[in-house]
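Below is query.pdb, which holds PDB, N, CA and C atoms.
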```pdb
ATOM      1  N   MET A 717    -102.552  53.392-101.570  1.00  0.00           N
ATOM      2  CA  MET A 717    -102.680  53.998-102.889  1.00  0.00           C
ATOM      3  C   MET A 717    -101.428  54.805-103.210  1.00  0.00           C
ATOM      4  N   ALA A 718    -101.093  54.858-104.453  1.00  0.00           N
ATOM      5  CA  ALA A 718     -99.916  55.579-104.910  1.00  0.00           C
ATOM      6  C   ALA A 718    -100.095  57.085-104.765  1.00  0.00           C
ATOM      7  N   TYR A 719     -98.976  57.786-104.758  1.00  0.00           N
ATOM      8  CA  TYR A 719     -99.016  59.233-104.760  1.00  0.00           C
ATOM      9  C   TYR A 719     -99.437  59.727-106.138  1.00  0.00           C
ATOM     10  N   THR A 720    -100.023  60.897-106.180  1.00  0.00           N
ATOM     11  CA  THR A 720    -100.322  61.591-107.428  1.00  0.00           C
ATOM     12  C   THR A 720     -99.795  63.013-107.290  1.00  0.00           C
ATOM     13  N   ILE A 721     -99.657  63.690-108.408  1.00  0.00           N
ATOM     14  CA  ILE A 721     -99.202  65.083-108.389  1.00  0.00           C
ATOM     15  C   ILE A 721    -100.398  65.979-108.655  1.00  0.00           C
ATOM     16  N   ASN A 722    -100.654  66.888-107.747  1.00  0.00           N
ATOM     17  CA  ASN A 722    -101.694  67.893-107.947  1.00  0.00           C
ATOM     18  C   ASN A 722    -101.132  68.896-108.954  1.00  0.00           C
ATOM     19  N   THR A 723    -101.598  68.836-110.182  1.00  0.00           N
ATOM     20  CA  THR A 723    -101.035  69.662-111.246  1.00  0.00           C
ATOM     21  C   THR A 723    -101.293  71.150-111.037  1.00  0.00           C
ATOM     22  N   ASP A 724    -102.288  71.496-110.245  1.00  0.00           N
ATOM     23  CA  ASP A 724    -102.521  72.907-109.933  1.00  0.00           C
ATOM     24  C   ASP A 724    -101.438  73.448-109.007  1.00  0.00           C
ATOM     25  N   GLU A 725    -100.812  72.572-108.242  1.00  0.00           N
ATOM     26  CA  GLU A 725     -99.772  72.973-107.288  1.00  0.00           C
ATOM     27  C   GLU A 725     -98.356  72.804-107.838  1.00  0.00           C
ATOM     28  N   CYS A 726     -98.185  71.933-108.835  1.00  0.00           N
ATOM     29  CA  CYS A 726     -96.857  71.619-109.370  1.00  0.00           C
ATOM     30  C   CYS A 726     -96.224  72.845-110.027  1.00  0.00           C
ATOM     31  N   ILE A 727     -94.980  73.147-109.617  1.00  0.00           N
ATOM     32  CA  ILE A 727     -94.248  74.273-110.215  1.00  0.00           C
ATOM     33  C   ILE A 727     -93.172  73.784-111.187  1.00  0.00           C
ATOM     34  N   ALA A 728     -93.187  72.486-111.481  1.00  0.00           N
ATOM     35  CA  ALA A 728     -92.294  71.863-112.468  1.00  0.00           C
ATOM     36  C   ALA A 728     -90.815  72.088-112.158  1.00  0.00           C
ATOM     37  N   CYS A 729     -90.448  71.988-110.884  1.00  0.00           N
ATOM     38  CA  CYS A 729     -89.052  72.181-110.503  1.00  0.00           C
ATOM     39  C   CYS A 729     -88.205  70.929-110.718  1.00  0.00           C
ATOM     40  N   GLY A 730     -88.841  69.746-110.737  1.00  0.00           N
ATOM     41  CA  GLY A 730     -88.132  68.501-110.965  1.00  0.00           C
ATOM     42  C   GLY A 730     -87.531  67.853-109.728  1.00  0.00           C
ATOM     43  N   ALA A 731     -87.708  68.456-108.572  1.00  0.00           N
ATOM     44  CA  ALA A 731     -87.141  67.897-107.338  1.00  0.00           C
ATOM     45  C   ALA A 731     -87.673  66.497-107.073  1.00  0.00           C
ATOM     46  N   CYS A 732     -88.948  66.279-107.332  1.00  0.00           N
ATOM     47  CA  CYS A 732     -89.561  64.973-107.067  1.00  0.00           C
ATOM     48  C   CYS A 732     -88.988  63.896-107.974  1.00  0.00           C
ATOM     49  N   GLU A 733     -88.807  64.221-109.230  1.00  0.00           N
ATOM     50  CA  GLU A 733     -88.291  63.229-110.187  1.00  0.00           C
ATOM     51  C   GLU A 733     -86.897  62.775-109.782  1.00  0.00           C
ATOM     52  N   ALA A 734     -86.064  63.716-109.402  1.00  0.00           N
ATOM     53  CA  ALA A 734     -84.697  63.386-109.011  1.00  0.00           C
ATOM     54  C   ALA A 734     -84.654  62.553-107.737  1.00  0.00           C
ATOM     55  N   GLU A 735     -85.615  62.703-106.864  1.00  0.00           N
ATOM     56  CA  GLU A 735     -85.632  62.022-105.572  1.00  0.00           C
ATOM     57  C   GLU A 735     -86.268  60.632-105.609  1.00  0.00           C
ATOM     58  N   CYS A 736     -87.097  60.347-106.586  1.00  0.00           N
ATOM     59  CA  CYS A 736     -87.841  59.083-106.618  1.00  0.00           C
ATOM     60  C   CYS A 736     -86.903  57.890-106.848  1.00  0.00           C
ATOM     61  N   PRO A 737     -86.812  56.963-105.865  1.00  0.00           N
ATOM     62  CA  PRO A 737     -85.913  55.819-106.030  1.00  0.00           C
ATOM     63  C   PRO A 737     -86.419  54.780-107.030  1.00  0.00           C
ATOM     64  N   GLU A 738     -87.679  54.848-107.380  1.00  0.00           N
ATOM     65  CA  GLU A 738     -88.268  53.873-108.308  1.00  0.00           C
ATOM     66  C   GLU A 738     -88.360  54.368-109.742  1.00  0.00           C
ATOM     67  N   GLY A 739     -88.017  55.625-109.988  1.00  0.00           N
ATOM     68  CA  GLY A 739     -88.129  56.174-111.337  1.00  0.00           C
ATOM     69  C   GLY A 739     -89.570  56.284-111.795  1.00  0.00           C
ATOM     70  N   ALA A 740     -90.478  56.509-110.837  1.00  0.00           N
ATOM     71  CA  ALA A 740     -91.911  56.543-111.142  1.00  0.00           C
ATOM     72  C   ALA A 740     -92.412  57.909-111.592  1.00  0.00           C
ATOM     73  N   ILE A 741     -91.548  58.918-111.538  1.00  0.00           N
ATOM     74  CA  ILE A 741     -91.984  60.281-111.851  1.00  0.00           C
ATOM     75  C   ILE A 741     -91.326  60.759-113.134  1.00  0.00           C
ATOM     76  N   SER A 742     -92.128  61.378-113.999  1.00  0.00           N
ATOM     77  CA  SER A 742     -91.606  61.933-115.241  1.00  0.00           C
ATOM     78  C   SER A 742     -92.326  63.233-115.576  1.00  0.00           C
ATOM     79  N   GLU A 743     -91.671  64.024-116.407  1.00  0.00           N
ATOM     80  CA  GLU A 743     -92.233  65.314-116.834  1.00  0.00           C
ATOM     81  C   GLU A 743     -93.121  65.081-118.039  1.00  0.00           C
ATOM     82  N   MET A 744     -94.289  65.716-118.033  1.00  0.00           N
ATOM     83  CA  MET A 744     -95.212  65.592-119.143  1.00  0.00           C
ATOM     84  C   MET A 744     -95.957  66.916-119.316  1.00  0.00           C
ATOM     85  N   ASP A 745     -95.790  67.541-120.445  1.00  0.00           N
ATOM     86  CA  ASP A 745     -96.491  68.790-120.755  1.00  0.00           C
ATOM     87  C   ASP A 745     -96.273  69.873-119.705  1.00  0.00           C
ATOM     88  N   GLY A 746     -95.049  69.983-119.204  1.00  0.00           N
ATOM     89  CA  GLY A 746     -94.707  71.062-118.285  1.00  0.00           C
ATOM     90  C   GLY A 746     -94.998  70.802-116.817  1.00  0.00           C
ATOM     91  N   VAL A 747     -95.533  69.639-116.493  1.00  0.00           N
ATOM     92  CA  VAL A 747     -95.751  69.257-115.096  1.00  0.00           C
ATOM     93  C   VAL A 747     -95.263  67.820-114.916  1.00  0.00           C
ATOM     94  N   TYR A 748     -95.175  67.393-113.691  1.00  0.00           N
ATOM     95  CA  TYR A 748     -94.692  66.048-113.411  1.00  0.00           C
ATOM     96  C   TYR A 748     -95.851  65.120-113.070  1.00  0.00           C
ATOM     97  N   VAL A 749     -95.704  63.861-113.454  1.00  0.00           N
ATOM     98  CA  VAL A 749     -96.730  62.847-113.200  1.00  0.00           C
ATOM     99  C   VAL A 749     -96.065  61.626-112.576  1.00  0.00           C
ATOM    100  N   ILE A 750     -96.852  60.882-111.803  1.00  0.00           N
ATOM    101  CA  ILE A 750     -96.357  59.681-111.137  1.00  0.00           C
ATOM    102  C   ILE A 750     -97.038  58.461-111.749  1.00  0.00           C
ATOM    103  N   ASP A 751     -96.230  57.483-112.127  1.00  0.00           N
ATOM    104  CA  ASP A 751     -96.736  56.210-112.638  1.00  0.00           C
ATOM    105  C   ASP A 751     -97.144  55.374-111.425  1.00  0.00           C
ATOM    106  N   ALA A 752     -98.436  55.215-111.220  1.00  0.00           N
ATOM    107  CA  ALA A 752     -98.952  54.510-110.044  1.00  0.00           C
ATOM    108  C   ALA A 752     -98.452  53.070-109.961  1.00  0.00           C
ATOM    109  N   ALA A 753     -98.180  52.448-111.085  1.00  0.00           N
ATOM    110  CA  ALA A 753     -97.704  51.072-111.092  1.00  0.00           C
ATOM    111  C   ALA A 753     -96.285  50.952-110.535  1.00  0.00           C
ATOM    112  N   LYS A 754     -95.508  52.024-110.611  1.00  0.00           N
ATOM    113  CA  LYS A 754     -94.134  52.014-110.108  1.00  0.00           C
ATOM    114  C   LYS A 754     -94.005  52.610-108.711  1.00  0.00           C
ATOM    115  N   CYS A 755     -94.963  53.408-108.298  1.00  0.00           N
ATOM    116  CA  CYS A 755     -94.899  54.110-107.008  1.00  0.00           C
ATOM    117  C   CYS A 755     -95.018  53.115-105.852  1.00  0.00           C
ATOM    118  N   THR A 756     -94.080  53.206-104.899  1.00  0.00           N
ATOM    119  CA  THR A 756     -94.107  52.335-103.719  1.00  0.00           C
ATOM    120  C   THR A 756     -94.574  53.088-102.471  1.00  0.00           C
ATOM    121  N   GLU A 757     -95.060  54.309-102.660  1.00  0.00           N
ATOM    122  CA  GLU A 757     -95.590  55.133-101.575  1.00  0.00           C
ATOM    123  C   GLU A 757     -94.551  55.460-100.511  1.00  0.00           C
ATOM    124  N   CYS A 758     -93.302  55.618-100.912  1.00  0.00           N
ATOM    125  CA  CYS A 758     -92.242  55.903 -99.947  1.00  0.00           C
ATOM    126  C   CYS A 758     -92.318  57.334 -99.407  1.00  0.00           C
ATOM    127  N   GLY A 759     -92.904  58.249-100.190  1.00  0.00           N
ATOM    128  CA  GLY A 759     -93.065  59.628 -99.743  1.00  0.00           C
ATOM    129  C   GLY A 759     -91.886  60.537-100.011  1.00  0.00           C
ATOM    130  N   SER A 760     -90.855  60.034-100.668  1.00  0.00           N
ATOM    131  CA  SER A 760     -89.685  60.863-100.960  1.00  0.00           C
ATOM    132  C   SER A 760     -90.047  62.088-101.778  1.00  0.00           C
ATOM    133  N   CYS A 761     -90.951  61.915-102.717  1.00  0.00           N
ATOM    134  CA  CYS A 761     -91.362  63.030-103.576  1.00  0.00           C
ATOM    135  C   CYS A 761     -92.032  64.132-102.749  1.00  0.00           C
ATOM    136  N   ALA A 762     -92.908  63.733-101.843  1.00  0.00           N
ATOM    137  CA  ALA A 762     -93.616  64.698-101.002  1.00  0.00           C
ATOM    138  C   ALA A 762     -92.658  65.410-100.059  1.00  0.00           C
ATOM    139  N   ASP A 763     -91.646  64.696 -99.588  1.00  0.00           N
ATOM    140  CA  ASP A 763     -90.680  65.288 -98.658  1.00  0.00           C
ATOM    141  C   ASP A 763     -89.871  66.414 -99.284  1.00  0.00           C
ATOM    142  N   VAL A 764     -89.571  66.322-100.582  1.00  0.00           N
ATOM    143  CA  VAL A 764     -88.716  67.328-101.214  1.00  0.00           C
ATOM    144  C   VAL A 764     -89.463  68.388-101.993  1.00  0.00           C
ATOM    145  N   CYS A 765     -90.746  68.202-102.211  1.00  0.00           N
ATOM    146  CA  CYS A 765     -91.513  69.148-103.038  1.00  0.00           C
ATOM    147  C   CYS A 765     -91.743  70.471-102.302  1.00  0.00           C
ATOM    148  N   PRO A 766     -91.306  71.597-102.890  1.00  0.00           N
ATOM    149  CA  PRO A 766     -91.496  72.891-102.230  1.00  0.00           C
ATOM    150  C   PRO A 766     -92.930  73.407-102.281  1.00  0.00           C
ATOM    151  N   SER A 767     -93.764  72.816-103.139  1.00  0.00           N
ATOM    152  CA  SER A 767     -95.130  73.318-103.260  1.00  0.00           C
ATOM    153  C   SER A 767     -96.194  72.340-102.731  1.00  0.00           C
ATOM    154  N   GLY A 768     -95.771  71.169-102.258  1.00  0.00           N
ATOM    155  CA  GLY A 768     -96.718  70.202-101.721  1.00  0.00           C
ATOM    156  C   GLY A 768     -97.579  69.516-102.756  1.00  0.00           C
ATOM    157  N   ALA A 769     -97.089  69.449-103.995  1.00  0.00           N
ATOM    158  CA  ALA A 769     -97.902  68.871-105.076  1.00  0.00           C
ATOM    159  C   ALA A 769     -98.109  67.361-104.981  1.00  0.00           C
ATOM    160  N   PRO A 770     -97.106  66.566-104.582  1.00  0.00           N
ATOM    161  CA  PRO A 770     -97.359  65.122-104.454  1.00  0.00           C
ATOM    162  C   PRO A 770     -98.278  64.844-103.254  1.00  0.00           C
ATOM    163  N   GLN A 771     -99.323  64.097-103.502  1.00  0.00           N
ATOM    164  CA  GLN A 771    -100.284  63.795-102.460  1.00  0.00           C
ATOM    165  C   GLN A 771    -100.721  62.348-102.577  1.00  0.00           C
ATOM    166  N   LYS A 772    -101.045  61.728-101.455  1.00  0.00           N
ATOM    167  CA  LYS A 772    -101.560  60.359-101.500  1.00  0.00           C
ATOM    168  C   LYS A 772    -102.921  60.374-102.161  1.00  0.00           C
ATOM    169  N   ALA A 773    -103.115  59.458-103.086  1.00  0.00           N
ATOM    170  CA  ALA A 773    -104.375  59.387-103.824  1.00  0.00           C
ATOM    171  C   ALA A 773    -105.485  58.830-102.958  1.00  0.00           C
TER     172      ALA A 773
END
```

Serialized structure, structure tokens:
Amino acid sequence: MAYTINTDECIACGACEAECPEGAISEMDGVYVIDAAKCTECGSCADVCPSGAPQKA
């Protein structure tokens, strides 16, 4: 399953978006979201997130 962003944990720093090799992450209404259709579950977003917001669905 693709990663999702726990919006309660997201601090909107943008680190995940910059790190995603598939371009699956975008900012929406002050938080970041992952397009499950583009996510390859590489975990790059989770590795760089300072708040642990990206999580496997």

Just so the selection is clear, what residues does the PyMOL selection byres ((chain A and resi 735-744) around 8) cover here, as a ChimeraX atom specification? /A:728,730-734,745-756,759-761,764

Apply DSSP to the backbone of this structure and, from region 722-770 of chain A, keep only the residues in alpha helix (DSSP H); write these as a compact mmCIF listing (two decimals) with N, CA and C atoms, in the frame of the given file.
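Below is the file that was written, states_28.txt:
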```txt
# COMPACT_ATOMS: atom_id res chain seq x y z
N ALA A 731 -87.71 68.46 -108.57
CA ALA A 731 -87.14 67.90 -107.34
C ALA A 731 -87.67 66.50 -107.07
N CYS A 732 -88.95 66.28 -107.33
CA CYS A 732 -89.56 64.97 -107.07
C CYS A 732 -88.99 63.90 -107.97
N GLU A 733 -88.81 64.22 -109.23
CA GLU A 733 -88.29 63.23 -110.19
C GLU A 733 -86.90 62.78 -109.78
N ALA A 734 -86.06 63.72 -109.40
CA ALA A 734 -84.70 63.39 -109.01
C ALA A 734 -84.65 62.55 -107.74
N GLU A 735 -85.62 62.70 -106.86
CA GLU A 735 -85.63 62.02 -105.57
C GLU A 735 -86.27 60.63 -105.61
N SER A 760 -90.86 60.03 -100.67
CA SER A 760 -89.68 60.86 -100.96
C SER A 760 -90.05 62.09 -101.78
N CYS A 761 -90.95 61.92 -102.72
CA CYS A 761 -91.36 63.03 -103.58
C CYS A 761 -92.03 64.13 -102.75
N ALA A 762 -92.91 63.73 -101.84
CA ALA A 762 -93.62 64.70 -101.00
C ALA A 762 -92.66 65.41 -100.06
N ASP A 763 -91.65 64.70 -99.59
CA ASP A 763 -90.68 65.29 -98.66
C ASP A 763 -89.87 66.41 -99.28
N VAL A 764 -89.57 66.32 -100.58
CA VAL A 764 -88.72 67.33 -101.21
C VAL A 764 -89.46 68.39 -101.99
```

Resolved residues for the PyMOL selection byres ((chain A and resi 769-773) around 6.5) as number ranges by chain: A: 717-723, 725-726, 761-762, 765-768

Could you pull out all residues of chain A with a DSSP call of strand (DSSP E or B) and give them as an MDAnalysis selection string? chainID A and resid 719:721 741:744 747:750 770:772
